[in-house]
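Below: one structure, written as structure tokens.
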Amino acid sequence: LFLAVCAVGIGGTFQYGYNVSIINAPTQHIHKFLNETWSSRYHKELNPDLLTFLWSVIASIFSLGGLCGALIGGSMAIRLGRKGALLMNNIIAILASILMGISFPTGLFELLIAGRFLIGINSGIGLCVQPLYIGEFAPKHLRGGLAMGTSIFLTGGILTGQVVGLRELLGGEKHWPLLLSSSCIPALAQLLFLPWFPESPRYLLIDRGDELSCAKALKRFHGSSEYRREMEDIQRECFALAGEKPKKPWQLFSDRAVRWQLVTVIVMTMGQQLSGINAIYFYATYVFKQAGIMAEKIPYVTLGTGVCECLTALSCVRSNYVGRRCLIIGGYLLMTLWCTVLTFSLTYQELYSWVPYMSMMCVFAFILSFGLGPGGITNTLTAELFVQSSRPAAYMIAGTVSWISFFTVGMLFPFIVNGLKQYCFVVFLLECFFVAAFIFLIIPETKNKSFLEIKKEFHKLNFGRNA
């Protein structure tokens with residue numbers, strides 16, 4: 001099970017975290033490349049406004065690709081299987097790496113845009129299919145811990161991208177094309193290791209009707225002595241679904257039986273993206289400068305934020321025994337607290353010499369709180385709230401909401417920060433508090449429950465108390 005999570009994660013959410021992270025290091029070098037390419041092609045200087053536009057396209061096209069990936073990820077998981085979709089997804093990553101790698105020697109910045117779009121598609125599919133696959137092959141008593149592999153590899157990708165992007169490694173002027181094309185390495189690693197593991201047992205029995213292959217897969221994942229209990233659980237779900245075909249995303253919106261599950265997933269996904277985590281990263285450099293850290297040392301201090309997220313994701317595997325509900329509510333409430341403290345500390349930054357260090361503490365504490373709850377548990381809950389026929393469509397909807405929110409934050413965030421300054425955290429603290437309140441009132445505990453048991457918990461909400 002552990003090796004399966006590693007084989008799935010290295011080419012799944014690791015790619016998303018890695019490719020979000022590495023684009024920051026070569027910003028100035030890409031600006032120079034755009035200027036030189038434009039001058040040699042048109043024999044005139046590139047207009048500063050056009051340069052800003054081209055750079056914003058290169059940076060933001062990734063989220064558009066991610067949206068496209070989320071829209072097709074569920075369909076790929078149904079047609080090719082969970083494992084088959086992930087293997088096919090690596091072809092997209094390798095093609096993207098080639099395009100980004102040859103953009104500099106060929107002098108075609110258009111290839112850089114195309115490559116970023118394709119790696120966005122790869123990340124969108126990976127974010128959709130990886131938690132789906134892990135959630136289906138994990139035994140229910142380990143589902144929470146194994147599903148945290150999604151968060152561990154995502155934060156591991158961010159940290160790896162920060163390290164590899166240092167100017168001493170691949171973040172320098174000579175090596176930035178190699179940095180952008182290095183995303184082929186995790187793709188090749190997954191193509192090498194994932195074929196050794198079986199397809200999702202639930203997919204094999206419920207979607208394909210192949211009981212023999214399902215039993216073989218369960219024996220590989222759970223062992224010859226432990227697989228029968230999980231087999232019985234899958235058979236009960238298969239019987240309850242009575243041959244129901246996988247649903248399309250638009251069918252979920254008209255299905256009363258999943259109404260509150262769908263509302264929950266949309267609220268949690270939007271809450272994760274709009275929680276203020278991007279504002280924290282934006283303000284981190286300013287906070288570190290105010291604390292007296294030299295500008296050239298800040299990239300190394302920023303690595304601490306990546307280490308924070310990674311350590312929190314790892315610790316969540318152990319702390320998952322307290323339950324998903326407790327972790328995610330606690331995470332949002334702690335983020336509310338740190339937003340409040342950070343607003344005050346940024347407001348009175350100049351008043352006392354120790355206040356900048358308080359701001360630094362809040363940055364790290366907020367990131368730890370995000371990893372504790374919203375960052376780690378959201379994908380786990382999305383897998384648990386739906387039965388087999390609805391799960392791929394639910395991940396497509398969750399992925400679409402996530403990428404639209406990601407893009408919206410990228411577009412509106414600079415205006416929010418410029419307009420409200422440090423008071424932007426008041427907006428985020430309110431958002432975190434309301435999401436915590438919603439989860440407290442709506443979501444039941446899902447720990448150690450089968451998918452059918454969780455469905456029964458929501459039955460009262462969807463059809464009324466007397467149903």
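For the structure tokens, the naming scheme is as follows: chains receive sequential letters (A, B, ...) according to their order of presentation, residues are indexed from 1 within each chain, and ligands are indexed from 1 in presentation order.
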(Q) Residues within 7 Å of A:Gly149, please, as a list in words. Count only C-alpha atoms; anything in the same chain fewer than 4 positions from it doesn't count. (A)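 My reading of the contact set: Val5, Gly9 and Phe153 of chain A.
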Save out the residues we just selected, C-alpha atoms, as a CSV table (one decimal), in the first residue's frame.
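Output saved as part_14.csv:
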chain,number,residue,atom,x,y,z
A,5,VAL,CA,0.9,5.6,-2.8
A,9,GLY,CA,2.0,10.4,-6.0
A,153,PHE,CA,3.4,14.6,-2.5
Q | For A:Phe62: contacts at 7 Å, only C-alpha atoms, fewer than 6 positions along chain excluded, given as a count of residues only | A | 4
Q: Just list the residues in stretch 339-455 of chain A DSSP gives alpha helix (DSSP H) on the backbone, as number ranges by chain.
A: A: 339-347, 355-372, 374-384, 391-420, 424-442, 451-455
Q | Pairwise distance for atom CA of A:Val355 and atom CA of A:Ile367, rounded to one decimal in Å | A | 18.8 Å
Q: Just give me the gap between atom CA of A:Leu71 and atom CA of A:Gln272 in Å, one decimal is fine.
A: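 Between atom CA of A:Leu71 and atom CA of A:Gln272 the gap is 19.2 Å.
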**Q.** Separation of atom CA of A:Thr160 from atom CA of A:Ile72, in Å and rounded to one decimal
**A.** 27.5 Å
Per-residue nearest contacts stretch 207-256 of chain A to stretch 371-393 of chain A, cut-off 8 Å, using only C-alpha atoms, as JSON lines:
{"residue": "A:Glu237", "atom": "CA", "partner": "A:Val387", "partner_atom": "CA", "distance": 7.8}
{"residue": "A:Leu241", "atom": "CA", "partner": "A:Ser389", "partner_atom": "CA", "distance": 7.7}
{"residue": "A:Glu244", "atom": "CA", "partner": "A:Ser389", "partner_atom": "CA", "distance": 6.6}
{"residue": "A:Lys245", "atom": "CA", "partner": "A:Ser389", "partner_atom": "CA", "distance": 6.1}
{"residue": "A:Pro246", "atom": "CA", "partner": "A:Ser389", "partner_atom": "CA", "distance": 4.2}
{"residue": "A:Lys247", "atom": "CA", "partner": "A:Ser390", "partner_atom": "CA", "distance": 5.6}
{"residue": "A:Lys248", "atom": "CA", "partner": "A:Ala393", "partner_atom": "CA", "distance": 5.6}
{"residue": "A:Pro249", "atom": "CA", "partner": "A:Ala393", "partner_atom": "CA", "distance": 4.6}
{"residue": "A:Leu252", "atom": "CA", "partner": "A:Ser390", "partner_atom": "CA", "distance": 7.3}
Output N, CA and C atoms of each residue in that selection to a file, as a PDB file, in the first residue's frame.
ATOM      1  N   GLU A 237     -21.591  -2.565  -1.886  1.00  0.00           N
ATOM      2  CA  GLU A 237     -21.776  -1.316  -2.637  1.00  0.00           C
ATOM      3  C   GLU A 237     -22.235  -1.600  -4.061  1.00  0.00           C
ATOM      4  N   LEU A 241     -25.774  -0.355  -5.706  1.00  0.00           N
ATOM      5  CA  LEU A 241     -25.834   0.473  -6.917  1.00  0.00           C
ATOM      6  C   LEU A 241     -26.635  -0.193  -8.029  1.00  0.00           C
ATOM      7  N   GLU A 244     -25.814   0.594 -11.655  1.00  0.00           N
ATOM      8  CA  GLU A 244     -25.889   2.009 -12.017  1.00  0.00           C
ATOM      9  C   GLU A 244     -24.596   2.460 -12.709  1.00  0.00           C
ATOM     10  N   LYS A 245     -24.729   3.081 -13.844  1.00  0.00           N
ATOM     11  CA  LYS A 245     -23.572   3.525 -14.624  1.00  0.00           C
ATOM     12  C   LYS A 245     -22.967   4.790 -14.004  1.00  0.00           C
ATOM     13  N   PRO A 246     -21.657   5.021 -14.271  1.00  0.00           N
ATOM     14  CA  PRO A 246     -21.036   6.269 -13.772  1.00  0.00           C
ATOM     15  C   PRO A 246     -21.778   7.497 -14.282  1.00  0.00           C
ATOM     16  N   LYS A 247     -22.012   8.444 -13.386  1.00  0.00           N
ATOM     17  CA  LYS A 247     -22.799   9.625 -13.739  1.00  0.00           C
ATOM     18  C   LYS A 247     -21.933  10.717 -14.345  1.00  0.00           C
ATOM     19  N   LYS A 248     -22.580  11.568 -15.123  1.00  0.00           N
ATOM     20  CA  LYS A 248     -21.923  12.755 -15.669  1.00  0.00           C
ATOM     21  C   LYS A 248     -22.000  13.878 -14.641  1.00  0.00           C
ATOM     22  N   PRO A 249     -21.090  14.848 -14.709  1.00  0.00           N
ATOM     23  CA  PRO A 249     -21.104  15.932 -13.719  1.00  0.00           C
ATOM     24  C   PRO A 249     -22.438  16.656 -13.630  1.00  0.00           C
ATOM     25  N   LEU A 252     -25.186  15.089 -11.434  1.00  0.00           N
ATOM     26  CA  LEU A 252     -25.089  15.232  -9.977  1.00  0.00           C
ATOM     27  C   LEU A 252     -25.885  16.443  -9.486  1.00  0.00           C
TER      28      LEU A 252
END
Q | Selected residue of minimal separation from A:Val263 among A:Ile397, A:Ile454, A:Ile102, A:Ala77, counting only C-alpha atoms | A |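 Of the candidates, the smallest distance to A:Val263 is held by A:Ile397.
Residues surrounding A:Arg220 within 9 Å are A:Leu1, A:Phe197, A:Pro198, A:Ala215, A:Lys216, A:Ala217, A:Gly223, A:Ser224, A:Tyr227 [only C-alpha atoms; sequence separation below 3 positions excluded].
Using only C-alpha atoms, the shortest contact distance between A:Gly306 and any of A:Met396, A:Phe407, A:Leu368, A:Cys214 is found at A:Leu368.
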**Q.** Within 6 Å of A:Ile125 using only C-alpha atoms, minus same-chain residues under 3 positions, as an MDAnalysis selection string
**A.** chainID A and resid 69:70 73 122 128
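With only C-alpha atoms as the atoms that count, the minimum distance from A:Thr408 to the choices A:Cys362, A:Leu191, A:Ile158, A:Leu274 is reached by A:Leu274.
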Q. Between A:Leu108, A:Met270, A:Leu154, A:Met76, which is the closest to A:Trp403 once you count only C-alpha atoms?
A.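 Of A:Leu108, A:Met270, A:Leu154, A:Met76, the one nearest A:Trp403, counting only C-alpha atoms, is A:Met270.
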Got a sec: who's within 8 Å of A:Phe458, counting only C-alpha atoms, leaving out chain neighbours fewer than 3 positions off, as a PDB file with all heavy atoms, in the first residue's frame?
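selection33.pdb, freshly written:
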ATOM      1  N   VAL A 258     -27.434  13.360  -3.674  1.00  0.00           N
ATOM      2  CA  VAL A 258     -26.059  13.828  -3.419  1.00  0.00           C
ATOM      3  C   VAL A 258     -26.000  15.352  -3.272  1.00  0.00           C
ATOM      4  O   VAL A 258     -24.931  15.945  -3.362  1.00  0.00           O
ATOM      5  CB  VAL A 258     -25.085  13.370  -4.542  1.00  0.00           C
ATOM      6  CG1 VAL A 258     -24.954  11.861  -4.577  1.00  0.00           C
ATOM      7  CG2 VAL A 258     -25.499  13.921  -5.908  1.00  0.00           C
ATOM      8  N   TRP A 260     -26.335  17.588  -0.730  1.00  0.00           N
ATOM      9  CA  TRP A 260     -25.501  18.197   0.310  1.00  0.00           C
ATOM     10  C   TRP A 260     -24.042  17.758   0.231  1.00  0.00           C
ATOM     11  O   TRP A 260     -23.145  18.498   0.630  1.00  0.00           O
ATOM     12  CB  TRP A 260     -26.080  17.922   1.694  1.00  0.00           C
ATOM     13  CG  TRP A 260     -27.171  18.895   2.023  1.00  0.00           C
ATOM     14  CD1 TRP A 260     -28.515  18.681   1.990  1.00  0.00           C
ATOM     15  CD2 TRP A 260     -26.995  20.271   2.394  1.00  0.00           C
ATOM     16  NE1 TRP A 260     -29.198  19.827   2.315  1.00  0.00           N
ATOM     17  CE2 TRP A 260     -28.292  20.828   2.577  1.00  0.00           C
ATOM     18  CE3 TRP A 260     -25.888  21.091   2.589  1.00  0.00           C
ATOM     19  CZ2 TRP A 260     -28.495  22.159   2.937  1.00  0.00           C
ATOM     20  CZ3 TRP A 260     -26.089  22.425   2.955  1.00  0.00           C
ATOM     21  CH2 TRP A 260     -27.372  22.930   3.129  1.00  0.00           C
ATOM     22  N   GLN A 261     -23.804  16.558  -0.304  1.00  0.00           N
ATOM     23  CA  GLN A 261     -22.410  16.153  -0.543  1.00  0.00           C
ATOM     24  C   GLN A 261     -21.760  17.090  -1.552  1.00  0.00           C
ATOM     25  O   GLN A 261     -20.602  17.504  -1.377  1.00  0.00           O
ATOM     26  CB  GLN A 261     -22.340  14.709  -1.068  1.00  0.00           C
ATOM     27  CG  GLN A 261     -22.747  13.651  -0.064  1.00  0.00           C
ATOM     28  CD  GLN A 261     -24.200  13.239  -0.221  1.00  0.00           C
ATOM     29  OE1 GLN A 261     -25.092  14.086  -0.265  1.00  0.00           O
ATOM     30  NE2 GLN A 261     -24.438  11.950  -0.284  1.00  0.00           N
ATOM     31  N   ILE A 454     -21.529   6.352   4.976  1.00  0.00           N
ATOM     32  CA  ILE A 454     -21.449   7.816   4.851  1.00  0.00           C
ATOM     33  C   ILE A 454     -22.639   8.336   4.044  1.00  0.00           C
ATOM     34  O   ILE A 454     -23.224   9.376   4.371  1.00  0.00           O
ATOM     35  CB  ILE A 454     -20.112   8.228   4.195  1.00  0.00           C
ATOM     36  CG1 ILE A 454     -18.939   7.833   5.105  1.00  0.00           C
ATOM     37  CG2 ILE A 454     -20.074   9.729   3.915  1.00  0.00           C
ATOM     38  CD1 ILE A 454     -17.588   7.867   4.431  1.00  0.00           C
ATOM     39  N   LYS A 455     -23.020   7.571   3.016  1.00  0.00           N
ATOM     40  CA  LYS A 455     -24.180   7.964   2.204  1.00  0.00           C
ATOM     41  C   LYS A 455     -25.448   8.012   3.065  1.00  0.00           C
ATOM     42  O   LYS A 455     -26.271   8.928   2.932  1.00  0.00           O
ATOM     43  CB  LYS A 455     -24.364   6.964   1.046  1.00  0.00           C
ATOM     44  CG  LYS A 455     -25.490   7.343   0.096  1.00  0.00           C
ATOM     45  CD  LYS A 455     -25.669   6.302  -0.988  1.00  0.00           C
ATOM     46  CE  LYS A 455     -26.818   6.676  -1.916  1.00  0.00           C
ATOM     47  NZ  LYS A 455     -27.063   5.653  -2.948  1.00  0.00           N
ATOM     48  N   LEU A 461     -30.128  14.661   5.592  1.00  0.00           N
ATOM     49  CA  LEU A 461     -29.988  16.022   5.094  1.00  0.00           C
ATOM     50  C   LEU A 461     -30.631  16.195   3.730  1.00  0.00           C
ATOM     51  O   LEU A 461     -31.277  17.205   3.437  1.00  0.00           O
ATOM     52  CB  LEU A 461     -28.501  16.406   4.991  1.00  0.00           C
ATOM     53  CG  LEU A 461     -27.793  16.860   6.270  1.00  0.00           C
ATOM     54  CD1 LEU A 461     -26.294  17.000   6.008  1.00  0.00           C
ATOM     55  CD2 LEU A 461     -28.350  18.199   6.734  1.00  0.00           C
ATOM     56  N   ASN A 462     -30.437  15.201   2.862  1.00  0.00           N
ATOM     57  CA  ASN A 462     -30.911  15.310   1.472  1.00  0.00           C
ATOM     58  C   ASN A 462     -32.428  15.126   1.340  1.00  0.00           C
ATOM     59  O   ASN A 462     -33.036  15.733   0.457  1.00  0.00           O
ATOM     60  CB  ASN A 462     -30.195  14.269   0.598  1.00  0.00           C
ATOM     61  CG  ASN A 462     -28.721  14.594   0.400  1.00  0.00           C
ATOM     62  OD1 ASN A 462     -28.344  15.753   0.248  1.00  0.00           O
ATOM     63  ND2 ASN A 462     -27.877  13.579   0.410  1.00  0.00           N
TER      64      ASN A 462
END
Q: Measuring atom to atom with only C-alpha atoms, identify which of A:Pro299, A:Trp176, A:Thr446, A:Phe463 is nearest to A:Gln162.
A: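 Residue with the minimum atom-to-atom distance to A:Gln162: A:Pro299.
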Q: Would you please work out which residue, of A:Val267, A:Leu314, A:Ala394, A:Leu188, is nearest to A:Ser75 when using only C-alpha atoms?
A: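 Ranked by minimum distance to A:Ser75, first place goes to A:Ala394.
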